[in-house]
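J.: If it helps, the file is called work-v8.cif and holds mmCIF, C-alpha atoms (C1' of nucleotides):
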data_query
#
loop_
_atom_site.label_atom_id
_atom_site.label_comp_id
_atom_site.auth_asym_id
_atom_site.auth_seq_id
_atom_site.Cartn_x
_atom_site.Cartn_y
_atom_site.Cartn_z
CA MET M 80 81.79 144.26 115.80
CA ASP M 81 82.33 141.69 113.08
CA ALA M 82 81.10 141.80 109.53
CA GLU M 83 78.21 139.44 110.09
CA THR M 84 76.75 141.41 112.98
CA ASP M 85 77.10 144.52 110.88
CA ASP M 86 75.15 142.96 108.07
CA ILE M 87 72.40 141.84 110.41
CA GLN M 88 72.07 145.37 111.73
CA ARG M 89 71.68 146.66 108.20
CA ASN M 90 68.91 144.14 108.15
CA LYS M 91 70.27 142.43 105.03
CA HIS M 92 73.46 141.09 103.55
CA PRO M 93 74.19 143.27 100.56
CA ALA M 94 76.17 140.13 99.82
CA ARG M 95 75.75 138.18 96.63
CA GLU M 96 73.27 139.28 94.03
CA VAL M 97 70.22 137.21 93.26
CA ASP M 98 71.06 135.48 89.98
CA ALA M 99 68.85 133.80 87.38
CA ILE M 100 68.76 130.46 89.20
CA ASP M 101 67.88 132.18 92.46
CA ARG M 102 64.96 133.86 90.74
CA LYS M 103 63.74 130.54 89.44
CA ILE M 104 64.00 129.11 92.94
CA LEU M 105 62.08 132.06 94.35
CA GLY M 106 59.47 131.66 91.66
CA VAL M 107 58.92 128.05 92.61
CA LEU M 108 58.88 128.67 96.36
CA VAL M 109 56.42 131.55 96.06
CA GLU M 110 54.01 129.16 94.39
CA ASP M 111 54.64 126.26 96.74
CA ALA M 112 57.16 126.21 99.54
CA THR M 113 56.22 122.71 100.70
CA ILE M 114 58.08 120.79 97.99
CA SER M 115 61.21 118.79 98.77
CA TYR M 116 64.68 119.96 97.85
CA ALA M 117 64.84 117.05 95.44
CA GLU M 118 61.88 118.37 93.49
CA LEU M 119 63.01 121.97 93.77
CA GLY M 120 66.41 121.01 92.41
CA GLU M 121 64.82 119.13 89.56
CA ARG M 122 62.67 122.10 88.57
CA VAL M 123 65.57 124.54 88.45
CA GLY M 124 68.23 122.14 87.19
CA LEU M 125 70.20 121.57 90.39
CA SER M 126 71.03 118.67 92.67
CA PRO M 127 69.12 118.50 95.97
CA PRO M 128 72.09 119.64 98.10
CA ALA M 129 72.83 122.49 95.70
CA ALA M 130 69.21 123.60 95.81
CA HIS M 131 69.26 123.36 99.58
CA GLU M 132 72.39 125.48 99.75
CA ARG M 133 70.82 128.16 97.56
CA VAL M 134 67.68 128.30 99.67
CA LYS M 135 69.72 128.56 102.86
CA ARG M 136 71.66 131.44 101.36
CA LEU M 137 68.47 133.19 100.24
CA LYS M 138 67.09 132.90 103.76
CA ARG M 139 70.31 134.08 105.37
CA SER M 140 70.52 137.07 103.07
CA GLY M 141 66.93 138.00 103.83
CA ALA M 142 65.74 137.58 100.25
CA ILE M 143 63.31 135.02 101.65
CA ARG M 144 61.84 136.83 104.63
CA ALA M 145 59.58 134.05 105.78
CA THR M 146 57.64 131.01 104.74
CA SER M 147 53.98 131.56 105.51
CA ALA M 148 50.66 129.83 105.23
CA ILE M 149 48.34 131.89 103.04
CA ILE M 150 44.91 131.87 104.60
CA ASP M 151 41.57 132.19 102.87
CA PRO M 152 40.02 135.29 104.45
CA ARG M 153 36.56 133.73 104.32
CA ALA M 154 37.71 130.77 106.37
CA VAL M 155 38.60 133.09 109.24
CA LYS M 156 35.48 135.22 108.92
CA LYS M 157 37.03 138.23 107.24
CA PRO M 158 35.13 138.62 103.98
CA LEU M 159 35.26 142.42 103.93
CA LEU M 160 38.37 144.05 102.49
CA ALA M 161 38.87 147.81 102.42
CA PHE M 162 41.54 150.37 101.72
CA VAL M 163 41.41 153.36 104.04
CA HIS M 164 43.02 156.67 103.15
CA ILE M 165 43.85 158.82 106.16
CA ASP M 166 44.43 162.56 106.17
CA THR M 167 46.21 164.01 109.16
CA ARG M 168 47.06 167.38 110.59
CA GLY M 169 50.84 167.67 110.82
CA TRP M 170 53.05 164.65 110.50
CA GLY M 171 50.90 161.58 110.23
CA LYS M 172 53.20 158.88 111.47
CA THR M 173 52.49 159.21 115.19
CA PRO M 174 52.84 156.38 117.72
CA GLU M 175 49.10 156.65 118.43
CA LEU M 176 48.28 156.02 114.80
CA MET M 177 50.79 153.19 114.55
CA ALA M 178 49.01 151.52 117.45
CA VAL M 179 46.35 150.32 115.02
CA SER M 180 48.83 147.71 113.89
CA LYS M 181 47.86 145.83 117.03
CA PHE M 182 44.56 145.02 115.38
CA PRO M 183 44.91 141.84 113.35
CA GLU M 184 42.39 143.32 110.91
CA VAL M 185 45.00 145.84 109.79
CA GLU M 186 47.27 144.18 107.25
CA GLU M 187 49.16 147.09 105.78
CA ILE M 188 50.18 150.60 106.81
CA HIS M 189 51.93 152.87 104.33
CA THR M 190 52.75 156.53 104.08
CA VAL M 191 52.11 157.71 100.55
CA ALA M 192 52.68 160.65 98.25
CA GLY M 193 49.52 162.05 96.71
CA ASP M 194 46.39 163.72 97.99
CA THR M 195 46.43 161.69 101.18
CA CYS M 196 48.95 160.91 103.94
CA MET M 197 48.47 157.30 104.85
CA LEU M 198 46.98 154.21 103.40
CA LEU M 199 45.69 151.21 105.30
CA LYS M 200 44.64 147.83 104.07
CA VAL M 201 42.13 146.30 106.45
CA ARG M 202 40.13 143.10 106.45
CA THR M 203 37.13 142.76 108.71
CA GLU M 204 34.20 140.49 109.40
CA ASP M 205 31.58 143.02 108.38
CA THR M 206 30.82 146.70 107.94
CA ARG M 207 30.20 146.99 111.67
CA ALA M 208 33.76 145.95 112.44
CA LEU M 209 35.06 148.32 109.78
CA GLU M 210 33.10 151.13 111.40
CA GLY M 211 34.62 150.23 114.75
CA LEU M 212 38.07 150.53 113.27
CA LEU M 213 37.26 153.86 111.62
CA ALA M 214 35.88 155.13 114.92
CA ARG M 215 39.16 154.18 116.48
CA LEU M 216 41.02 156.09 113.79
CA TYR M 217 38.92 159.23 114.31
CA ASP M 218 39.72 159.06 118.01
CA THR M 219 43.39 159.28 117.14
CA PRO M 220 44.83 162.80 117.62
CA GLY M 221 45.78 164.44 114.35
CA VAL M 222 43.46 162.43 112.14
CA THR M 223 41.30 164.88 110.20
CA SER M 224 39.50 162.61 107.79
CA THR M 225 39.41 159.16 106.23
CA ARG M 226 38.20 157.87 102.90
CA SER M 227 37.39 154.20 102.57
CA TYR M 228 37.36 152.10 99.46
CA VAL M 229 35.42 148.94 100.11
CA VAL M 230 36.45 146.09 97.85
CA LEU M 231 33.62 144.60 95.83
CA SER M 232 35.62 141.83 94.19
CA THR M 233 39.24 140.77 94.22
CA TYR M 234 40.49 139.57 90.86
CA LEU M 235 44.13 139.13 91.77
CA GLU M 236 46.00 138.94 95.03
CA ARG M 237 49.40 137.35 95.23
CA PRO M 238 52.71 137.69 97.08
CA VAL M 239 55.74 139.54 95.77
CA GLN M 240 56.77 137.96 92.48
CA PRO M 241 60.46 137.51 91.69
CA GLU M 242 60.01 138.14 87.99
CA THR M 243 60.21 141.55 86.39
CA THR M 244 59.02 142.80 83.04
CA ALA M 245 62.11 143.49 80.98
CA GLU M 246 60.64 145.60 78.21
CA TRP M 247 57.86 148.02 78.93
CA PRO M 248 55.79 149.34 76.07
CA ALA M 249 57.17 152.75 75.13
CA PRO M 250 54.65 155.34 76.25
CA LYS M 251 53.02 156.76 73.12
CA HIS M 252 53.34 160.41 72.23
CA MET M 253 55.86 160.85 74.97
CA ALA M 254 59.20 162.57 74.79
CA THR M 255 62.18 160.37 75.55
CA PRO M 256 63.35 160.91 79.11
CA VAL M 257 66.89 162.07 79.66
CA TYR M 258 67.42 159.05 81.93
CA MET W 160 27.89 114.11 91.07
CA ASP W 161 29.01 113.16 94.53
CA ALA W 162 29.31 115.41 97.54
CA GLU W 163 33.05 115.79 97.33
CA THR W 164 33.08 116.92 93.71
CA ASP W 165 30.32 119.34 94.55
CA ASP W 166 32.39 120.83 97.33
CA ILE W 167 35.38 121.22 95.07
CA GLN W 168 33.28 123.06 92.52
CA ARG W 169 32.11 125.43 95.20
CA ASN W 170 35.80 125.92 95.72
CA LYS W 171 35.53 125.19 99.43
CA HIS W 172 34.26 122.53 101.75
CA PRO W 173 31.67 124.27 103.86
CA ALA W 174 32.59 121.27 105.98
CA ARG W 175 33.75 121.67 109.53
CA GLU W 176 34.14 125.13 110.98
CA VAL W 177 37.54 126.47 111.91
CA ASP W 178 37.67 126.05 115.66
CA ALA W 179 39.89 127.64 118.32
CA ILE W 180 42.70 125.12 117.87
CA ASP W 181 42.60 125.56 114.10
CA ARG W 182 43.00 129.28 114.58
CA LYS W 183 46.01 128.73 116.79
CA ILE W 184 47.49 126.45 114.15
CA LEU W 185 46.86 129.05 111.46
CA GLY W 186 48.41 131.71 113.66
CA VAL W 187 51.57 129.68 114.04
CA LEU W 188 51.79 128.71 110.36
CA VAL W 189 51.28 132.27 109.18
CA GLU W 190 54.31 133.27 111.20
CA ASP W 191 56.43 130.28 110.22
CA ALA W 192 55.29 127.39 108.08
CA THR W 193 58.65 125.63 108.17
CA ILE W 194 58.32 124.14 111.64
CA SER W 195 57.80 120.42 112.16
CA TYR W 196 54.48 118.90 113.12
CA ALA W 197 56.09 117.96 116.41
CA GLU W 198 56.76 121.58 117.25
CA LEU W 199 53.44 122.76 115.85
CA GLY W 200 51.67 120.19 117.99
CA GLU W 201 53.58 121.28 121.05
CA ARG W 202 52.66 124.92 120.52
CA VAL W 203 48.96 124.24 120.19
CA GLY W 204 48.76 121.36 122.66
CA LEU W 205 48.45 118.46 120.27
CA SER W 206 50.43 115.36 119.33
CA PRO W 207 52.37 115.49 116.06
CA PRO W 208 49.96 113.23 114.13
CA ALA W 209 46.97 115.18 115.42
CA ALA W 210 48.55 118.45 114.36
CA HIS W 211 49.34 116.93 110.99
CA GLU W 212 45.77 115.78 110.54
CA ARG W 213 44.46 119.25 111.35
CA VAL W 214 46.79 120.88 108.85
CA LYS W 215 45.84 118.41 106.15
CA ARG W 216 42.19 119.16 106.78
CA LEU W 217 42.81 122.92 106.66
CA LYS W 218 44.53 122.51 103.32
CA ARG W 219 41.83 120.24 101.94
CA SER W 220 39.11 122.65 102.98
CA GLY W 221 40.94 125.55 101.38
CA ALA W 222 41.42 127.48 104.62
CA ILE W 223 45.14 127.24 103.90
CA ARG W 224 45.33 128.28 100.27
CA ALA W 225 49.06 127.87 99.88
CA THR W 226 52.37 127.85 101.66
CA SER W 227 54.54 130.54 100.13
CA ALA W 228 57.96 132.03 100.46
CA ILE W 229 57.65 135.72 101.31
CA ILE W 230 60.21 137.62 99.28
CA ASP W 231 61.93 140.86 100.20
CA PRO W 232 60.96 143.22 97.35
CA ARG W 233 64.38 144.88 97.46
CA ALA W 234 66.11 141.55 96.84
CA VAL W 235 64.29 141.20 93.53
CA LYS W 236 64.75 144.82 92.51
CA LYS W 237 61.26 146.08 93.23
CA PRO W 238 61.72 148.87 95.75
CA LEU W 239 58.87 151.02 94.43
CA LEU W 240 55.38 150.24 95.67
CA ALA W 241 52.31 152.10 94.44
CA PHE W 242 48.54 151.91 94.59
CA VAL W 243 46.86 152.91 91.35
CA HIS W 244 43.24 154.00 91.22
CA ILE W 245 41.64 153.55 87.83
CA ASP W 246 38.55 155.30 86.53
CA THR W 247 36.80 153.76 83.58
CA ARG W 248 34.02 154.60 81.16
CA GLY W 249 31.34 151.96 81.49
CA TRP W 250 31.96 148.70 83.27
CA GLY W 251 35.60 148.57 84.28
CA LYS W 252 36.20 144.87 84.54
CA THR W 253 37.07 144.20 80.90
CA PRO W 254 39.31 141.36 79.68
CA GLU W 255 41.72 143.94 78.29
CA LEU W 256 42.13 145.50 81.70
CA MET W 257 42.47 142.13 83.41
CA ALA W 258 45.35 141.38 81.06
CA VAL W 259 47.59 143.51 83.25
CA SER W 260 47.62 140.59 85.68
CA LYS W 261 50.15 139.04 83.33
CA PHE W 262 52.67 141.58 84.55
CA PRO W 263 54.40 140.22 87.66
CA GLU W 264 54.61 143.80 88.90
CA VAL W 265 50.86 143.79 89.47
CA GLU W 266 50.12 142.12 92.78
CA GLU W 267 46.50 142.99 93.38
CA ILE W 268 43.46 143.92 91.31
CA HIS W 269 40.23 144.90 93.04
CA THR W 270 36.98 146.53 92.06
CA VAL W 271 35.97 148.99 94.74
CA ALA W 272 33.08 151.14 95.87
CA GLY W 273 33.92 154.80 96.24
CA ASP W 274 35.02 157.58 93.93
CA THR W 275 37.01 155.19 91.77
CA CYS W 276 36.34 151.91 89.94
CA MET W 277 39.42 149.79 90.36
CA LEU W 278 42.41 149.59 92.58
CA LEU W 279 45.76 148.09 91.70
CA LYS W 280 48.71 147.31 93.91
CA VAL W 281 51.89 147.37 91.85
CA ARG W 282 55.54 146.94 92.70
CA THR W 283 58.17 148.10 90.23
CA GLU W 284 61.90 148.62 89.94
CA ASP W 285 61.64 152.38 89.51
CA THR W 286 59.42 155.24 88.44
CA ARG W 287 60.24 154.50 84.81
CA ALA W 288 58.75 151.04 85.08
CA LEU W 289 55.71 152.44 86.86
CA GLU W 290 55.26 154.90 84.03
CA GLY W 291 55.46 152.05 81.56
CA LEU W 292 52.70 150.26 83.38
CA LEU W 293 50.56 153.40 83.54
CA ALA W 294 51.11 153.94 79.82
CA ARG W 295 49.86 150.44 79.28
CA LEU W 296 46.78 151.18 81.37
CA TYR W 297 46.00 154.34 79.41
CA ASP W 298 46.21 152.31 76.22
CA THR W 299 43.45 150.09 77.54
CA PRO W 300 40.02 150.93 76.06
CA GLY W 301 37.65 152.41 78.60
CA VAL W 302 40.29 153.73 80.96
CA THR W 303 39.64 157.43 81.45
CA SER W 304 42.08 158.31 84.20
CA THR W 305 44.37 156.94 86.89
CA ARG W 306 45.55 158.29 90.20
CA SER W 307 48.72 156.86 91.70
CA TYR W 308 49.72 156.79 95.33
CA VAL W 309 53.42 156.12 95.56
CA VAL W 310 54.40 154.53 98.86
CA LEU W 311 57.04 156.46 100.78
CA SER W 312 57.43 154.00 103.64
CA THR W 313 55.78 150.75 104.60
CA TYR W 314 55.22 150.37 108.33
CA LEU W 315 53.27 147.15 108.27
CA GLU W 316 52.71 144.50 105.65
CA ARG W 317 51.61 141.02 106.63
CA PRO W 318 49.50 138.15 105.38
CA VAL W 319 45.89 137.51 106.39
CA GLN W 320 45.79 137.05 110.16
CA PRO W 321 43.51 134.40 111.63
CA GLU W 322 42.73 136.45 114.74
CA THR W 323 39.84 138.88 114.96
CA THR W 324 39.18 141.70 117.38
CA ALA W 325 36.24 140.63 119.51
CA GLU W 326 35.21 143.94 121.05
CA TRP W 327 35.48 147.10 119.03
CA PRO W 328 35.41 150.43 120.84
CA ALA W 329 31.88 151.77 120.68
CA PRO W 330 31.88 154.72 118.28
CA LYS W 331 31.40 157.86 120.38
CA HIS W 332 28.37 160.09 119.94
CA MET W 333 26.84 157.55 117.66
CA ALA W 334 23.34 156.17 117.75
CA THR W 335 23.06 152.46 118.35
CA PRO W 336 22.46 150.64 115.07
CA VAL W 337 19.35 148.55 114.73
CA TYR W 338 21.54 145.58 113.84
"C1'" DC D 26 43.58 111.96 119.95
"C1'" DT D 27 47.59 109.39 121.72
"C1'" DT D 28 51.63 106.41 121.72
"C1'" DG D 29 55.21 103.99 119.30
"C1'" DA D 30 57.51 102.15 115.32
"C1'" DA D 31 58.30 102.32 110.12
"C1'" DA D 32 59.55 104.75 106.17
"C1'" DA D 33 61.09 108.81 103.97
"C1'" DA D 34 62.86 112.82 103.90
"C1'" DA D 35 66.25 116.37 105.23
"C1'" DC D 36 70.74 117.52 106.66
"C1'" DA D 37 75.81 117.53 107.16
"C1'" DC D 38 79.64 115.90 105.60
"C1'" DA D 39 83.71 114.59 102.46
"C1'" DT D 40 85.37 114.07 97.89
"C1'" DT D 41 85.56 115.06 93.13
"C1'" DA D 42 84.84 117.67 89.05
"C1'" DT X 142 80.37 126.68 92.46
"C1'" DA X 143 78.14 122.40 91.91
"C1'" DA X 144 77.73 117.16 91.71
"C1'" DT X 145 78.03 112.78 93.95
"C1'" DG X 146 78.00 109.67 97.66
"C1'" DT X 147 77.81 108.39 102.51
"C1'" DG X 148 75.97 108.34 106.98
"C1'" DT X 149 73.30 110.58 110.60
"C1'" DT X 150 69.39 112.88 112.22
"C1'" DT X 151 64.93 114.49 111.98
"C1'" DT X 152 60.44 114.35 110.30
"C1'" DT X 153 56.73 112.38 108.29
"C1'" DT X 154 53.55 108.71 108.18
"C1'" DC X 155 51.06 104.72 109.46
"C1'" DA X 156 50.00 101.40 112.70
"C1'" DA X 157 47.14 100.07 116.86
"C1'" DG X 158 44.87 101.26 121.13
#
Could you rewrite the structure in this file as structure tokens?

T.:
Amino acid sequence: MDAETDDIQRNKHPAREVDAIDRKILGVLVEDATISYAELGERVGLSPPAAHERVKRLKRSGAIRATSAIIDPRAVKKPLLAFVHIDTRGWGKTPELMAVSKFPEVEEIHTVAGDTCMLLKVRTEDTRALEGLLARLYDTPGVTSTRSYVVLSTYLERPVQPETTAEWPAPKHMATPVY
Amino acid sequence: MDAETDDIQRNKHPAREVDAIDRKILGVLVEDATISYAELGERVGLSPPAAHERVKRLKRSGAIRATSAIIDPRAVKKPLLAFVHIDTRGWGKTPELMAVSKFPEVEEIHTVAGDTCMLLKVRTEDTRALEGLLARLYDTPGVTSTRSYVVLSTYLERPVQPETTAEWPAPKHMATPVY
DNA sequence: CTTGAAAAAACACATTA
DNA sequence: TAATGTGTTTTTTCAAG
């Protein structure tokens, strides 16, 4: 097994770090991935071939997982967004429960720490469809209860941003952590 | 004011409905928006110019909101995902609270119905950064408490899907709704 | 909506800095 | 590692039917 195959199995090249220019590229492509390499290069201070090379590397390394069309939920008749908390008896992550990922209405499935086991993000046409999904969940062995948070308004919803906040405000009245 | 300007103000062209072919196009572009119009046309049974015309219309109408690079959170040093529930005194949606959208760590802000007022999806480098964000939230006037659900594992996370489930399983032991 | 031809990119090089 | 320059290929785009 060669190094490349190994890296693919690990699902990512630990490879080269994402540097400042890479972050700028990612920032641009998150906003609009349809621009030409000429324009991308211009925005980050690189020649078109250099920009192209960077993007290819970011895709190879897995930093760019995909380039996707972002759809307006209303255009595809899915105006109702909800977050569903699921409590289970025993270990929640069963194949039966994971089967809900077959429904295109289910956009996210996470296991979480807190007063609940799992968290789903679902987008449906109406409350009727949400009820159908919840009914399906209750039919799943091990599911003891669900709590749904129906979204009234969405004020922000965006993909993963490459930027990070360098300096966080020091929590007031708080002891300094050891590390 | 002409019709077109009016439509733009409404932020969408009510225009032509998204038909079956449009949905197929959206389905393909959600998976991979880098393909050529030739290939897109082939996959949905259209000529390249026809496919192009459809895509242009979907973008004009706002059905396709953007074409974005989907970034691996780990590549940009944001391995920690959390959902934060915020309880507020009075009406939660204040400008001060909305200011958190300036932090690139905050990906979603929703107002919800349920036992909490607002719901945030945040992605940070570590627990320290999450604490910094929470400290910032507590500093916001009106915020009475927060509850955080730290994601242990993500099993599914995908963009809005154009498909919808036609037939939901009829909820067992449930009376038939009037409508 | 299709076919077919043009214009404009993207892409793959080699060379140089 | 990136810039420049060349040529080739592909894609986009605009005709006309």

J.: Could you work out which residues of chain D fall inside 12 Å of chain W? Count all atoms listed in the file, and format the result as a PyMOL selection string.

T.: chain D and resi 26-29+35

J.: Next, dump the selected residues to file, keeping only C-alpha atoms (C1' of nucleotides), as a PDB file, keeping the file's coordinate frame.

T.:
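File again-v6.pdb, as written:
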ATOM      1  C1'  DC D  26      43.580 111.960 119.950  1.00  0.00           C
ATOM      2  C1'  DT D  27      47.590 109.390 121.720  1.00  0.00           C
ATOM      3  C1'  DT D  28      51.630 106.410 121.720  1.00  0.00           C
ATOM      4  C1'  DG D  29      55.210 103.990 119.300  1.00  0.00           C
ATOM      5  C1'  DA D  35      66.250 116.370 105.230  1.00  0.00           C
TER       6       DA D  35
END

J.: Can you give me, as a PyMOL selection string, the residues this file yields under the PyMOL selection byres ((chain D and resi 36) around 10)?

T.: (chain M and resi 128+131) or (chain D and resi 34-35+37-38) or (chain X and resi 149-151)

J.: Can those selected residues be exported to a file as a PDB file, keeping the file's coordinate frame so that it contains C-alpha atoms (C1' of nucleotides)?

T.:
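Generated output (result_21.pdb):
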ATOM      1  CA  PRO M 128      72.090 119.640  98.100  1.00  0.00           C
ATOM      2  CA  HIS M 131      69.260 123.360  99.580  1.00  0.00           C
TER       3      HIS M 131
ATOM      4  C1'  DA D  34      62.860 112.820 103.900  1.00  0.00           C
ATOM      5  C1'  DA D  35      66.250 116.370 105.230  1.00  0.00           C
ATOM      6  C1'  DA D  37      75.810 117.530 107.160  1.00  0.00           C
ATOM      7  C1'  DC D  38      79.640 115.900 105.600  1.00  0.00           C
TER       8       DC D  38
ATOM      9  C1'  DT X 149      73.300 110.580 110.600  1.00  0.00           C
ATOM     10  C1'  DT X 150      69.390 112.880 112.220  1.00  0.00           C
ATOM     11  C1'  DT X 151      64.930 114.490 111.980  1.00  0.00           C
TER      12       DT X 151
END

J.: Counting only C-alpha atoms (C1' of nucleotides), what is within 10 Å of W:Arg287, bar same-chain residues fewer than 6 positions away, as a PyMOL selection string?

T.: (chain M and resi 247+256+258) or (chain W and resi 293)

J.: Just to confirm, what's the straight-line distance from atom CA of M:Glu236 to atom CA of W:Met277 in Å (one decimal)?

T.: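 These two atoms are separated by 13.5 Å.
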
J.: Would you translate the PyMOL selection byres ((chain M and resi 172) around 12) into the concrete set of residues it matches in this file, as a list in words?

T.: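 That expression, the PyMOL selection byres ((chain M and resi 172) around 12), corresponds here to Ile165, Asp166, Thr167, Arg168, Gly169, Trp170, Gly171, Thr173, Pro174, Glu175, Leu176, Met177, Ala178, Val179, Ile188, His189, Thr190, Val191, Cys196, Met197, Leu198, Thr219, Pro220, Gly221 and Val222 of chain M; Leu311, Ser312, Thr313 and Tyr314 of chain W.
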
J.: Enter the distance from atom CA of M:Glu132 to atom CA of M:Thr243, in Å, rounded to one decimal.

T.: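 Result for atom CA of M:Glu132 versus atom CA of M:Thr243: 24.2 Å, one decimal.
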
J.: Separation of atom CA of M:Arg202 and atom CA of M:Val185, in Å?

T.: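 Those two atoms sit 6.5 Å apart.
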
J.: Restricting the calculation to all atoms listed in the file, which member of M:Thr113, M:Lys103, M:Pro241, M:Glu210 is positioned closest to M:Thr146?

T.: M:Thr113

J.: Evaluated on this file, the PyMOL selection byres ((chain X) within 10 of (chain W)) picks out some residues - which ones are they, written as a list in words?

T.: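 Written out, the selection comes to DT151, DT152, DT153, DT154 and DC155 of chain X.
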
J.: When the cut-off is 7 Å and we count all atoms listed in the file, which residues of chain M are near chain W, given as number ranges by chain?

T.: M: 97, 108-113, 141-152, 154-155, 182-184, 186-193, 208, 211, 214-215, 228-244, 247-250

J.: First collect every listed atom of chain D; then fit an axis-aligned box around them, widen it by 5 Å on each side, and give centre and edge lengths in Å to one decimal, as AutoDock Vina command-line options.

T.:
--center_x 64.6 --center_y 109.9 --center_z 105.4 --size_x 52.0 --size_y 25.5 --size_z 42.7

J.: Could you pull the residues within 12 Å of D:DT40, counting all atoms listed in the file, minus those fewer than 5 positions along the same chain, as a list in words?

T.: DA144, DT145, DG146 and DT147 of chain X
